[in-house]
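Visitor: Shown below is the structure under consideration.
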Amino acid sequence: MMWRPSLLLLLLLLRRGAQGKPSPDAGPHGQGRVHHAAPLSEATHDDAHGNFQYDHEAFLGREVAKEFDQLTPEESQARLGRIVDRMDRAGDGDGWVSLAELRAWIAHTQQRHIRDSVSAAWNTYDTDRDGRVGWEELRNATYGHYEPGEEFHDVEDAETYKKMLTRDERRFRVADQDGDSMATREELTAFLHPEEFPHMRDIVIAETLEDLDKNKDGYVQVDEYIADLYSAEPGEEEPAWVQTEREQFRDFRDLNKDGQLDGSEVGHWVLPPAQDQPLVEANHLLHESDTDKDGRLSKAEILGNWNMFVGSQATNYGEDLIRHHDEL
């Protein structure tokens, strides 16, 4: 389950033909508010049986892992060798791959879909092609050009759009860490995917509070929490799953048991603490490949255990034999 996209992106969808207008408080909890890190792979982590698909997808990313599956063993090893050189160059360039360098590589591959989404949007926003996205560019590309004081005079529910614009500008200012009103690619990524950046945590919490806190007392009461998830029809009996959500609020969301959620509790809910999956996988790959047990990997050690890191036509054939044997 992922964090909801920027309101700016929702408005882009509207302008591409969706019906109705995006609402700042739309979306049930389970479909958008809570951000859980996606697993490195959906495959079973089954090294004991020689099935390294999980490791391949964790190390390469799922799409690139599919490409490697079609390579010959020689091609696969050669490409892995080039990846090893890149990992070291991105780190300290000392000729070895450290745990930190291996973790950084895995984290990088797992963020490819985010980088791709930013790249797809970049040309839309960088209208003057100077390699940066200014707030004015982003605002105009998304909301249209308006003279000062005439914002949204030509649309229904102008106040809603003004609030959306204000909210997007606030998020942009937080993402713009150097305060120059120009977003680098990294800063635009923080704007579009704030759940991925520690310095954006407070803005994610603030936006969630604004969505749910209808009485504007700075807290989320249980009825506000439920209202975001379910709206009863007149005379309709509340479903059992809604009662379960009330219990979730009482038992797991309201940590200090005062009957409401403050900012800290909202943060714990929508951005829950997560295991560092890239670090866990990096430790695993290092442990399995570090033949001299010096706590780092040489290129030779990685290539010596290449079939754990990457796939090829040969390793796929071996996995098929193992599965066939298990079925007998």
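Ordering of the structure tokens sets the chain letters (A, B, ...), residue numbers begin anew at 1 in every chain, and ligands are numbered from 1 in the order given.
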For Glu281 (chain A), list every protein, DNA or RNA residue within 8 Å, evaluated using only C-alpha atoms, and leave out those in the same chain fewer than 5 positions away; present the list as a list of chain:residue names.

Guide: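 Result of the neighbour search: A:Asp55, A:Ala58, A:Arg103.
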
Visitor: Considering only alpha helix (DSSP H) as DSSP defines it on the backbone, what residues of region 52-292 of chain A qualify? List them as a PyMOL selection string.

Guide: chain A and resi 53-60+62-69+73-90+99-110+112-125+135-143+158-175+185-192+201-212+222-227+240-248+263-270+277-289

Visitor: Have a look at CA of Phe197 (chain A) and CA of Ala100 (chain A) and let me know their distance in Å, one decimal.

Guide: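 CA of Ala100 (chain A) lies 18.7 Å from CA of Phe197 (chain A).
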
Visitor: May I ask which of the residues A:Arg132, A:His199, A:His45, A:Arg253 is the closest one to Gln221 (chain A), counting only C-alpha atoms?

Guide: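 Using only C-alpha atoms, Gln221 (chain A) sits closest to A:Arg253.
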
Visitor: Would you mind telling me which residue in A:Ile114, A:Ala158, A:Met87, A:Ala43 lies nearest to Leu102 (chain A) when using only C-alpha atoms?

Guide: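 Ranking A:Ile114, A:Ala158, A:Met87, A:Ala43 by distance to Leu102 (chain A), first place goes to A:Met87.
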